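Visitor: Compact mmCIF, C-alpha atoms, file data.txt:
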```
# COMPACT_ATOMS: atom_id res chain seq x y z
CA MET A 266 195.94 147.24 -76.08
CA THR A 267 198.02 146.08 -73.13
CA ALA A 268 200.32 143.07 -73.35
CA ILE A 269 201.06 141.44 -70.01
CA ASP A 270 203.88 139.04 -69.26
CA ARG A 271 204.40 137.18 -65.99
CA LEU A 272 207.81 135.58 -66.13
CA VAL A 273 210.10 133.66 -63.85
CA ARG A 274 213.74 133.38 -64.83
CA VAL A 275 216.70 131.45 -63.46
CA HIS A 276 220.12 132.71 -64.53
CA LEU A 277 222.81 130.06 -64.79
CA SER A 278 226.55 130.43 -65.01
CA ASP A 279 229.11 127.91 -66.26
CA ARG A 280 232.75 127.35 -65.27
CA ASP A 281 233.90 130.13 -67.59
CA SER A 282 231.34 132.59 -66.17
CA ASN A 283 229.24 132.58 -69.32
CA GLN A 284 225.59 132.97 -68.48
CA GLY A 285 222.35 131.64 -69.85
CA TYR A 286 218.88 131.46 -68.40
CA ILE A 287 215.63 129.58 -68.29
CA THR A 288 212.47 131.61 -68.68
CA LEU A 289 208.97 130.37 -67.96
CA ARG A 290 205.82 132.39 -68.64
CA LEU A 291 203.23 131.90 -65.92
CA SER A 292 199.46 132.19 -65.88
CA LEU A 293 199.35 134.39 -62.78
CA PHE A 294 201.18 135.74 -59.76
CA THR A 295 199.36 135.73 -56.45
CA SER A 296 202.20 137.77 -55.02
CA MET A 297 205.75 138.49 -56.06
CA ALA A 298 207.09 137.08 -52.80
CA ASP A 299 205.07 133.84 -52.95
CA THR A 300 206.08 133.28 -56.54
CA MET A 301 209.73 133.88 -55.68
CA ASP A 302 209.38 131.40 -52.83
CA SER A 303 208.13 128.77 -55.30
CA VAL A 304 210.96 129.58 -57.68
CA LEU A 305 213.56 129.16 -54.93
CA THR A 306 212.09 126.03 -53.40
CA VAL A 307 210.76 124.21 -56.49
CA LEU A 308 212.11 125.49 -59.80
CA VAL A 309 215.73 126.19 -58.84
CA PRO A 310 216.39 122.81 -57.16
CA ALA A 311 214.77 120.90 -60.05
CA THR A 312 216.79 122.93 -62.55
CA LEU A 313 220.06 122.29 -60.73
CA ASP A 314 219.33 118.57 -60.98
CA VAL A 315 219.37 118.71 -64.78
CA THR A 316 222.16 121.23 -65.36
CA ASP A 317 225.77 121.32 -64.26
CA ALA A 318 225.83 125.13 -64.31
CA ILE A 319 225.15 127.04 -61.09
CA ALA A 320 222.25 129.37 -60.34
CA VAL A 321 223.45 132.95 -59.85
CA LYS A 322 220.16 134.84 -59.97
CA ALA A 323 216.43 134.23 -59.97
CA SER A 324 213.86 136.78 -61.04
CA VAL A 325 210.10 137.17 -60.88
CA ILE A 326 209.07 139.67 -63.52
CA TYR A 327 205.73 141.35 -64.21
CA LYS A 328 205.70 143.33 -67.44
CA GLU A 329 203.15 145.48 -69.21
CA LYS A 330 203.55 146.95 -72.69
CA TRP A 331 201.11 149.59 -73.78
CA ASP A 332 199.96 150.88 -77.13
CA THR A 333 200.03 154.56 -76.38
CA ALA A 334 199.37 157.75 -78.26
CA ALA A 335 202.27 159.61 -79.84
CA PRO A 336 204.17 161.83 -77.44
CA VAL A 337 203.70 165.55 -77.76
CA SER A 338 205.77 167.35 -80.34
CA GLY A 339 209.08 168.51 -78.96
CA SER A 340 209.27 165.91 -76.20
CA LEU A 341 212.84 164.86 -75.59
CA VAL A 342 213.79 162.06 -73.18
CA SER A 343 217.34 163.36 -72.94
CA LEU A 344 216.02 166.52 -71.24
CA ARG A 345 215.86 165.04 -67.75
CA ALA A 346 214.93 166.41 -64.40
CA ILE A 347 216.74 165.19 -61.32
CA VAL A 348 214.59 165.62 -58.26
CA PHE A 349 215.88 165.40 -54.67
CA TRP A 350 213.87 164.62 -51.56
CA ARG A 351 215.09 164.92 -47.97
CA ASN A 352 213.51 162.09 -46.02
CA THR A 353 212.65 161.69 -42.37
CA ASP A 354 216.07 160.12 -41.66
CA ASP A 355 217.72 163.17 -43.21
CA ASP A 356 218.89 161.08 -46.17
CA ILE A 357 218.62 162.37 -49.71
CA ALA A 358 216.64 160.37 -52.25
CA ALA A 359 216.72 161.18 -55.95
CA LEU A 360 214.79 160.26 -59.06
CA ILE A 361 215.54 161.06 -62.67
CA ILE A 362 212.53 161.94 -64.80
CA PRO A 363 212.98 161.87 -68.60
CA ALA A 364 211.45 164.47 -70.93
CA LEU A 365 210.71 167.25 -68.49
CA ALA A 366 207.37 168.78 -69.39
CA ASP A 367 207.53 171.96 -71.44
CA SER A 368 205.16 173.58 -68.97
CA ILE A 369 207.79 173.39 -66.18
CA SER A 370 210.16 176.31 -66.22
CA TYR A 371 213.76 176.41 -65.10
CA THR A 372 216.40 179.09 -64.86
CA ASP A 373 218.35 180.06 -67.94
CA ASP A 374 221.67 179.92 -66.20
CA ALA A 375 224.26 178.47 -68.57
CA THR A 376 225.43 175.91 -66.02
CA TYR A 377 222.42 175.00 -63.91
CA GLY A 378 218.84 174.71 -65.05
CA VAL A 379 217.25 175.00 -61.64
CA ILE A 380 213.55 174.26 -61.30
CA THR A 381 212.37 176.93 -58.91
CA ASP A 382 208.72 176.00 -58.50
CA LEU A 383 209.02 172.74 -56.60
CA THR A 384 205.25 172.47 -56.13
CA VAL A 385 205.10 170.87 -59.60
CA PHE A 386 206.36 167.70 -57.90
CA ASP A 387 203.71 167.69 -55.17
CA GLU A 388 201.46 165.13 -56.85
CA LEU A 389 204.35 162.78 -57.60
CA THR A 390 205.63 163.13 -54.03
CA SER A 391 202.22 162.37 -52.59
CA VAL A 392 201.93 159.21 -54.72
CA LEU A 393 205.42 157.97 -53.89
CA VAL A 394 204.99 158.58 -50.16
CA ASP A 395 201.66 156.74 -50.16
CA LEU A 396 203.23 153.75 -51.92
CA GLU A 397 206.31 153.80 -49.65
CA ALA A 398 208.61 154.16 -52.64
CA MET A 399 212.40 154.30 -52.51
CA ASP A 400 214.81 155.62 -55.09
CA ALA A 401 216.91 153.27 -57.21
CA GLU A 402 219.50 153.05 -54.42
CA GLY A 403 216.94 152.13 -51.78
CA ILE A 404 216.64 155.52 -50.04
CA PRO A 405 213.04 155.98 -48.88
CA ILE A 406 211.10 158.84 -50.46
CA ASN A 407 209.06 160.00 -47.50
CA GLY A 408 209.83 163.70 -47.23
CA SER A 409 209.57 166.81 -49.38
CA VAL A 410 211.36 167.90 -52.50
CA ILE A 411 214.31 170.11 -51.59
CA ALA A 412 215.77 170.74 -55.04
CA ALA A 413 215.36 169.88 -58.69
CA SER A 414 217.28 170.75 -61.79
CA ILE A 415 217.59 169.67 -65.37
CA PHE A 416 220.41 167.93 -67.12
CA VAL A 417 220.77 166.82 -70.71
CA MET B 208 226.79 130.63 -51.19
CA ALA B 209 223.13 130.52 -52.11
CA LEU B 210 220.51 132.65 -53.73
CA VAL B 211 219.43 135.36 -51.28
CA GLU B 212 216.14 137.09 -51.91
CA ARG B 213 216.20 140.88 -52.05
CA SER B 214 213.71 142.60 -49.84
CA TYR B 215 212.34 144.93 -52.48
CA GLN B 216 210.75 145.06 -55.91
CA LEU B 217 212.27 147.22 -58.63
CA LEU B 218 209.81 149.20 -60.75
CA THR B 219 211.11 150.38 -64.12
CA ILE B 220 208.80 152.62 -66.14
CA GLN B 221 209.72 152.88 -69.82
CA MET B 222 209.02 156.20 -71.55
CA ARG B 223 209.25 157.31 -75.19
CA ASP B 224 209.58 160.72 -76.78
CA ARG B 225 208.37 162.07 -80.12
CA ASP B 226 211.48 160.82 -81.93
CA LEU B 227 211.01 157.31 -80.50
CA ASN B 228 213.96 157.61 -78.13
CA THR B 229 213.36 155.75 -74.89
CA SER B 230 214.37 156.28 -71.31
CA SER B 231 213.16 155.02 -67.96
CA VAL B 232 212.42 155.90 -64.36
CA GLU B 233 213.50 153.43 -61.68
CA MET B 234 212.30 153.15 -58.11
CA ARG B 235 212.04 150.49 -55.44
CA PHE B 236 209.15 149.33 -53.30
CA SER B 237 209.59 147.29 -50.17
CA ALA B 238 206.03 146.64 -49.11
CA LEU B 239 203.57 145.13 -51.53
CA ALA B 240 200.74 144.24 -49.20
CA ASP B 241 198.41 143.49 -52.08
CA LEU B 242 199.92 142.85 -55.49
CA THR B 243 196.63 143.37 -57.32
CA ASP B 244 196.12 146.79 -55.74
CA PHE B 245 199.71 147.74 -56.45
CA LEU B 246 199.52 146.69 -60.09
CA ALA B 247 196.34 148.73 -60.43
CA ALA B 248 197.98 151.75 -58.80
CA ILE B 249 200.87 151.92 -61.27
CA PRO B 250 198.87 153.08 -64.30
CA THR B 251 196.24 155.02 -62.41
CA VAL B 252 198.42 156.76 -59.86
CA VAL B 253 202.16 156.56 -60.60
CA VAL B 254 201.92 157.00 -64.37
CA ALA B 255 199.30 159.72 -63.94
CA ALA B 256 201.65 161.62 -61.62
CA LEU B 257 204.51 161.27 -64.07
CA ALA B 258 202.35 162.59 -66.89
CA GLY B 259 202.12 165.91 -65.09
CA ILE B 260 205.85 166.49 -65.19
CA SER B 261 207.03 164.67 -68.31
CA ASP B 262 206.16 165.12 -71.96
CA ALA B 263 207.17 161.58 -72.86
CA VAL B 264 204.57 158.82 -72.87
CA VAL B 265 204.75 155.67 -70.84
CA VAL B 266 204.98 152.66 -73.14
CA GLY B 267 205.35 150.00 -70.51
CA TRP B 268 206.70 149.07 -67.13
CA THR B 269 208.34 146.16 -65.39
CA LEU B 270 208.15 145.08 -61.77
CA THR B 271 210.96 142.72 -60.76
CA ARG B 272 211.79 140.80 -57.62
CA GLN B 273 215.19 139.11 -57.48
CA ALA B 274 217.27 136.64 -55.54
CA VAL B 275 221.00 136.82 -56.10
CA ASP B 276 224.03 134.74 -55.16
CA ALA B 277 226.67 137.37 -54.40
CA ALA B 278 229.53 134.86 -54.13
CA PRO B 279 228.66 131.86 -56.29
CA ALA B 280 230.66 128.66 -56.15
CA LEU B 281 232.67 127.53 -59.15
CA ALA B 282 230.56 125.50 -61.57
CA ALA B 283 231.56 121.99 -62.63
CA GLU B 284 234.37 121.65 -65.16
CA THR B 285 231.90 120.06 -67.60
CA SER B 286 229.52 123.03 -67.47
CA ASP B 287 228.89 125.02 -70.65
CA VAL B 288 225.81 127.22 -70.96
CA GLU B 289 225.91 126.98 -74.76
CA ARG B 290 225.07 123.28 -74.47
CA LYS B 291 221.30 123.58 -74.19
CA GLY B 292 218.67 121.09 -73.33
CA VAL B 293 215.76 122.24 -75.47
CA PHE B 294 212.41 120.85 -74.34
CA SER B 295 209.51 121.08 -76.79
CA LEU B 296 206.10 121.19 -75.17
CA LEU B 297 202.55 121.09 -76.43
CA THR B 298 199.87 123.51 -75.28
CA ASP B 299 196.22 122.71 -74.69
CA ASN B 300 195.48 124.28 -78.07
CA GLY B 301 197.99 122.17 -79.97
CA HIS B 302 200.72 124.78 -80.33
CA THR B 303 204.32 124.16 -79.34
CA VAL B 304 206.53 126.10 -77.00
CA THR B 305 210.16 125.47 -76.04
CA VAL B 306 212.13 125.81 -72.82
CA SER B 307 215.91 125.82 -72.94
CA VAL B 308 218.08 124.64 -70.07
CA PRO B 309 221.64 125.95 -70.33
CA SER B 310 224.39 123.42 -69.65
CA ILE B 311 222.15 120.37 -69.64
CA LYS B 312 223.95 117.48 -67.96
CA ASN B 313 225.57 115.12 -70.45
CA THR B 314 224.51 112.21 -68.28
CA LEU B 315 220.89 112.96 -69.19
CA VAL B 316 221.54 112.66 -72.92
CA ILE B 317 221.02 109.23 -74.48
CA ASP B 318 224.34 107.92 -75.80
CA ARG B 319 224.89 108.09 -79.56
CA THR B 320 222.01 110.55 -79.90
CA ASN B 321 221.29 114.15 -78.98
CA GLN B 322 218.02 113.14 -77.33
CA ILE B 323 217.44 113.91 -73.68
CA ASN B 324 216.24 110.91 -71.73
CA LEU B 325 212.69 111.96 -70.87
CA ALA B 326 212.30 108.85 -68.72
CA ASP B 327 215.08 109.88 -66.34
CA ALA B 328 213.74 110.69 -62.88
CA LEU B 329 215.55 114.05 -62.72
CA VAL B 330 214.19 115.05 -66.12
CA ILE B 331 210.69 114.00 -65.11
CA ALA B 332 210.94 116.09 -61.94
CA PHE B 333 211.93 119.11 -64.02
CA THR B 334 209.34 118.66 -66.78
CA ASN B 335 206.61 118.11 -64.20
CA ILE B 336 207.14 121.74 -63.22
CA LEU B 337 206.59 122.83 -66.82
CA THR B 338 203.37 120.86 -67.18
CA GLY B 339 202.11 120.90 -63.60
CA VAL B 340 199.24 123.06 -62.51
CA THR B 341 200.19 124.03 -58.99
CA LEU B 342 203.91 123.59 -58.57
CA LEU B 343 204.78 127.24 -59.05
CA ASP B 344 202.54 128.74 -56.41
CA THR B 345 199.02 128.51 -57.83
CA ALA B 346 200.16 129.27 -61.33
CA PHE B 347 201.01 127.12 -64.33
CA MET B 348 203.23 127.64 -67.31
CA VAL B 349 201.66 129.19 -70.41
CA SER B 350 202.84 129.91 -73.94
CA ASN B 351 203.13 133.40 -75.39
CA ARG B 352 199.54 132.83 -76.61
CA ASP B 353 198.50 132.31 -72.98
CA GLU B 354 197.74 128.66 -73.63
CA ALA B 355 198.40 126.16 -70.84
CA VAL B 356 201.40 123.91 -71.41
CA GLU B 357 200.31 120.29 -71.10
CA THR B 358 202.83 117.73 -72.34
CA VAL B 359 206.48 117.34 -73.16
CA ILE B 360 206.96 115.99 -76.66
CA LYS B 361 210.73 116.14 -77.10
CA GLY B 362 213.99 116.99 -75.39
CA GLU B 363 217.09 117.59 -77.43
CA LYS B 364 220.65 118.69 -76.76
CA THR B 365 221.76 121.51 -79.05
CA HIS B 366 224.64 123.95 -79.07
CA ARG B 367 223.86 127.61 -79.46
CA GLY B 368 224.86 130.98 -78.10
CA SER B 369 223.61 132.11 -74.74
CA SER B 370 222.61 135.67 -75.58
CA LYS B 371 218.93 134.69 -75.51
CA GLY B 372 219.29 132.17 -72.75
```
Would you write the structure of this file as structure tokens?
Guide:
Amino acid sequence: MTAIDRLVRVHLSDRDSNQGYITLRLSLFTSMADTMDSVLTVLVPATLDVTDAIAVKASVIYKEKWDTAAPVSGSLVSLRAIVFWRNTDDDIAALIIPALADSISYTDDATYGVITDLTVFDELTSVLVDLEAMDAEGIPINGSVIAASIFV
Amino acid sequence: MALVERSYQLLTIQMRDRDLNTSSVEMRFSALADLTDFLAAIPTVVVAALAGISDAVVVGWTLTRQAVDAAPALAAETSDVERKGVFSLLTDNGHTVTVSVPSIKNTLVIDRTNQINLADALVIAFTNILTGVTLLDTAFMVSNRDEAVETVIKGEKTHRGSSKG
């Protein structure tokens, strides 16, 4: 079963920089941008009329929680892969993937666990390029994987 | 300053291992031409691609768009987020749901009571958003049972910690 939440949240801060927030659960989002526009033009002004705190952040949040099967035996989220892409601007994007699959091999070097077969990331790369993804710092992922290693 | 909308959405995919430890993958997306298509692509395409390289299972994901005030002004001396205005609302199925407003203005509280003046024009403007059907884009507020919120039945000033807003 999948639980879906569509939330809008306004974070408020008082004179002493303590924060609280208002959260509303909505029936639908037509788009994240349109909903944010409504939050900024309707909800935030009306909220500021009834509070003497100030608005420091507004969020539009879509959440899904899944009931999923148990992970495979031996899976370990602390065994992470860090994957690097060189993009078309020659910048380096990186993603961290928890619980590297047991089927992916890496070198036994005591210091570096280098993943030598980078083709294992081809499917992920293809998906991320199609969706115009960026890493967590905003570097576009639109090139090929140039290196990957593990860290624990 | 003012709230400035960020140009991207942050996708956080939560993953769990056999020992119930959790971790996540974070990435940004700038262009969401069609939200419905994008939401459909996450489980069918992104999660599927992750499954090929990770032994953990995906237990959920969150897509967030934010607006942030990087240099906020100082709030009023009277402000205190632990002073909440708690509005109780009734859903179309007779259940109640609450919305808390941190640092509710004291001027909206009826003297010698802790009751918020629901007849005040500013309060009405705010509660109309909670019970209106089109004010927030084309959406309306629902309870955690997905029931439409219809009427405000009470507003009360209370003092409580801000950890849960």
Visitor: One decimal, in Å: what's the spacing between atom CA of Leu246 of chain B and atom CA of Phe347 of chain B?
Guide: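 Interatomic distance here is 20.1 Å.
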Visitor: For Phe386 of chain A, which of A:Ala401, A:Tyr286, A:Asp373, A:Ile411 is the closest residue, counting all atoms listed in the file?
Guide: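 Looking at the shortest contact to Phe386 of chain A, the residue is A:Ile411.
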Visitor: Let me make sure I understand: among A:Glu402, A:Ile269, A:Val307, A:Ala335, which one has the smallest atom-to-atom distance to Asn335 of chain B if we use all atoms listed in the file?
Guide: A:Val307
Visitor: For a quick check of understanding, using only C-alpha atoms, which of B:Lys361, B:Arg319, B:Arg290, B:His302 has the smallest distance to chain A?
Guide: B:Arg290
Visitor: I'd like the interatomic distance between atom CA of Asp317 of chain A and atom CA of Thr358 of chain B, to a tenth of an Å.
Guide: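 Computing the Euclidean distance for atom CA of Asp317 of chain A and atom CA of Thr358 of chain B yields 24.6 Å.
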Visitor: Rounded to one decimal in Å, what is the spacing between atom CA of Ala209 of chain B and atom CA of Ile336 of chain B?
Guide: 21.4 Å
Visitor: Taking all atoms listed in the file into account, name the residue in B:Leu218, B:Leu329, B:Ile260, B:Ala355 that is nearest to Thr384 of chain A.
Guide: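 Smallest distance to Thr384 of chain A is found for B:Ile260.
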Visitor: Find, counting all atoms listed in the file, the residue in B:Glu212, B:Ser307, B:Val232, B:Ala328 that gets nearest to Val293 of chain B.
Guide: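 Closest residue, counting all atoms listed in the file: B:Ser307.
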Visitor: Please identify all polymer residues within 10 Å of Thr353 of chain A, counting all atoms listed in the file, omitting same-chain residues fewer than 3 positions from it, and present them as a ChimeraX atom specification.
Guide: /A:350,356-357,405-409
Visitor: Build an axis-aligned box that encloses every atom of segment 227-233 of chain B listed in the file, pad it by 5 Å on each side, and report its centre and edge lengths in Å to one decimal, as lines of an AutoDock Vina configuration file.
Guide:
```
center_x = 212.7
center_y = 155.5
center_z = -71.1
size_x = 13.4
size_y = 14.2
size_z = 28.8
```
Visitor: Go through chain A and flag each residue having an atom no more than 6 Å from chain B; for those, report the closest pair of atoms plus their distance in Å to one decimal, using all atoms listed in the file, ordered by chain and rising number, as a Markdown table.
Guide:
```
| residue | atom | partner | partner_atom | distance |
| --- | --- | --- | --- | --- |
| A:Asp279 | CA | B:Ser286 | CA | 5.0 |
| A:Arg280 | CA | B:Ala282 | CA | 4.7 |
| A:Gly285 | CA | B:Gly372 | CA | 4.2 |
| A:Tyr286 | CA | B:Gly372 | CA | 4.4 |
| A:Ile287 | CA | B:Val308 | CA | 5.8 |
| A:Arg290 | CA | B:Val349 | CA | 5.5 |
| A:Leu291 | CA | B:Met348 | CA | 4.5 |
| A:Ser292 | CA | B:Ala346 | CA | 5.5 |
| A:Leu293 | CA | B:Ala346 | CA | 5.4 |
| A:Ser296 | CA | B:Leu242 | CA | 5.6 |
| A:Thr300 | CA | B:Asp344 | CA | 5.8 |
| A:Ser303 | CA | B:Leu343 | CA | 5.3 |
| A:Ala311 | CA | B:Phe333 | CA | 5.2 |
| A:Val315 | CA | B:Lys312 | CA | 5.7 |
| A:Thr316 | CA | B:Ile311 | CA | 4.4 |
| A:Asp317 | CA | B:Ser286 | CA | 5.2 |
| A:Ala318 | CA | B:Ser286 | CA | 5.3 |
| A:Ile319 | CA | B:Ala282 | CA | 5.6 |
| A:Val321 | CA | B:Asp276 | CA | 5.1 |
| A:Lys322 | CA | B:Val275 | CA | 4.4 |
| A:Ala323 | CA | B:Ala274 | CA | 5.1 |
| A:Ser324 | CA | B:Gln273 | CA | 4.5 |
| A:Val325 | CA | B:Arg272 | CA | 5.2 |
| A:Ile326 | CA | B:Thr271 | CA | 4.5 |
| A:Tyr327 | CA | B:Leu270 | CA | 5.1 |
| A:Lys328 | CA | B:Thr269 | CA | 4.4 |
| A:Glu329 | CA | B:Gly267 | CA | 5.2 |
| A:Lys330 | CA | B:Gly267 | CA | 4.2 |
| A:Trp331 | CA | B:Val266 | CA | 5.0 |
| A:Pro336 | CA | B:Arg225 | CA | 5.0 |
| A:Ser338 | CA | B:Arg225 | CA | 5.9 |
| A:Ser340 | CA | B:Asp224 | CA | 5.2 |
| A:Leu341 | CA | B:Asp224 | CA | 5.4 |
| A:Val342 | CA | B:Asp224 | CA | 5.7 |
| A:Ala364 | CA | B:Ser261 | CA | 5.1 |
| A:Leu365 | CA | B:Ser261 | CA | 4.5 |
| A:Ala366 | CA | B:Ser261 | CA | 4.3 |
| A:Glu388 | CA | B:Ala256 | CA | 5.9 |
| A:Leu389 | CA | B:Ala256 | CA | 5.0 |
| A:Ala398 | CA | B:Phe236 | CA | 4.9 |
| A:Met399 | CA | B:Arg235 | CA | 4.8 |
| A:Asp400 | CA | B:Met234 | CA | 4.6 |
| A:Ala401 | CA | B:Met234 | CA | 4.7 |
```
Visitor: Generate the output file for the selected residues, C-alpha atoms, as an mmCIF file, in the coordinates of the input.
Guide:
```cif
data_model
loop_
_atom_site.group_PDB
_atom_site.id
_atom_site.type_symbol
_atom_site.label_atom_id
_atom_site.label_comp_id
_atom_site.auth_asym_id
_atom_site.auth_seq_id
_atom_site.Cartn_x
_atom_site.Cartn_y
_atom_site.Cartn_z
ATOM 1 C CA ASP A 279 229.110 127.910 -66.260
ATOM 2 C CA ARG A 280 232.750 127.350 -65.270
ATOM 3 C CA GLY A 285 222.350 131.640 -69.850
ATOM 4 C CA TYR A 286 218.880 131.460 -68.400
ATOM 5 C CA ILE A 287 215.630 129.580 -68.290
ATOM 6 C CA ARG A 290 205.820 132.390 -68.640
ATOM 7 C CA LEU A 291 203.230 131.900 -65.920
ATOM 8 C CA SER A 292 199.460 132.190 -65.880
ATOM 9 C CA LEU A 293 199.350 134.390 -62.780
ATOM 10 C CA SER A 296 202.200 137.770 -55.020
ATOM 11 C CA THR A 300 206.080 133.280 -56.540
ATOM 12 C CA SER A 303 208.130 128.770 -55.300
ATOM 13 C CA ALA A 311 214.770 120.900 -60.050
ATOM 14 C CA VAL A 315 219.370 118.710 -64.780
ATOM 15 C CA THR A 316 222.160 121.230 -65.360
ATOM 16 C CA ASP A 317 225.770 121.320 -64.260
ATOM 17 C CA ALA A 318 225.830 125.130 -64.310
ATOM 18 C CA ILE A 319 225.150 127.040 -61.090
ATOM 19 C CA VAL A 321 223.450 132.950 -59.850
ATOM 20 C CA LYS A 322 220.160 134.840 -59.970
ATOM 21 C CA ALA A 323 216.430 134.230 -59.970
ATOM 22 C CA SER A 324 213.860 136.780 -61.040
ATOM 23 C CA VAL A 325 210.100 137.170 -60.880
ATOM 24 C CA ILE A 326 209.070 139.670 -63.520
ATOM 25 C CA TYR A 327 205.730 141.350 -64.210
ATOM 26 C CA LYS A 328 205.700 143.330 -67.440
ATOM 27 C CA GLU A 329 203.150 145.480 -69.210
ATOM 28 C CA LYS A 330 203.550 146.950 -72.690
ATOM 29 C CA TRP A 331 201.110 149.590 -73.780
ATOM 30 C CA PRO A 336 204.170 161.830 -77.440
ATOM 31 C CA SER A 338 205.770 167.350 -80.340
ATOM 32 C CA SER A 340 209.270 165.910 -76.200
ATOM 33 C CA LEU A 341 212.840 164.860 -75.590
ATOM 34 C CA VAL A 342 213.790 162.060 -73.180
ATOM 35 C CA ALA A 364 211.450 164.470 -70.930
ATOM 36 C CA LEU A 365 210.710 167.250 -68.490
ATOM 37 C CA ALA A 366 207.370 168.780 -69.390
ATOM 38 C CA GLU A 388 201.460 165.130 -56.850
ATOM 39 C CA LEU A 389 204.350 162.780 -57.600
ATOM 40 C CA ALA A 398 208.610 154.160 -52.640
ATOM 41 C CA MET A 399 212.400 154.300 -52.510
ATOM 42 C CA ASP A 400 214.810 155.620 -55.090
ATOM 43 C CA ALA A 401 216.910 153.270 -57.210
#
```
Visitor: Go through A:Ala358, A:Thr267, A:Val410, A:Val337 one by one, measure the shortest atom-to-atom distance of each to Asp387 of chain A using all atoms listed in the file, and give the residue with the smallest value.
Guide: A:Val410
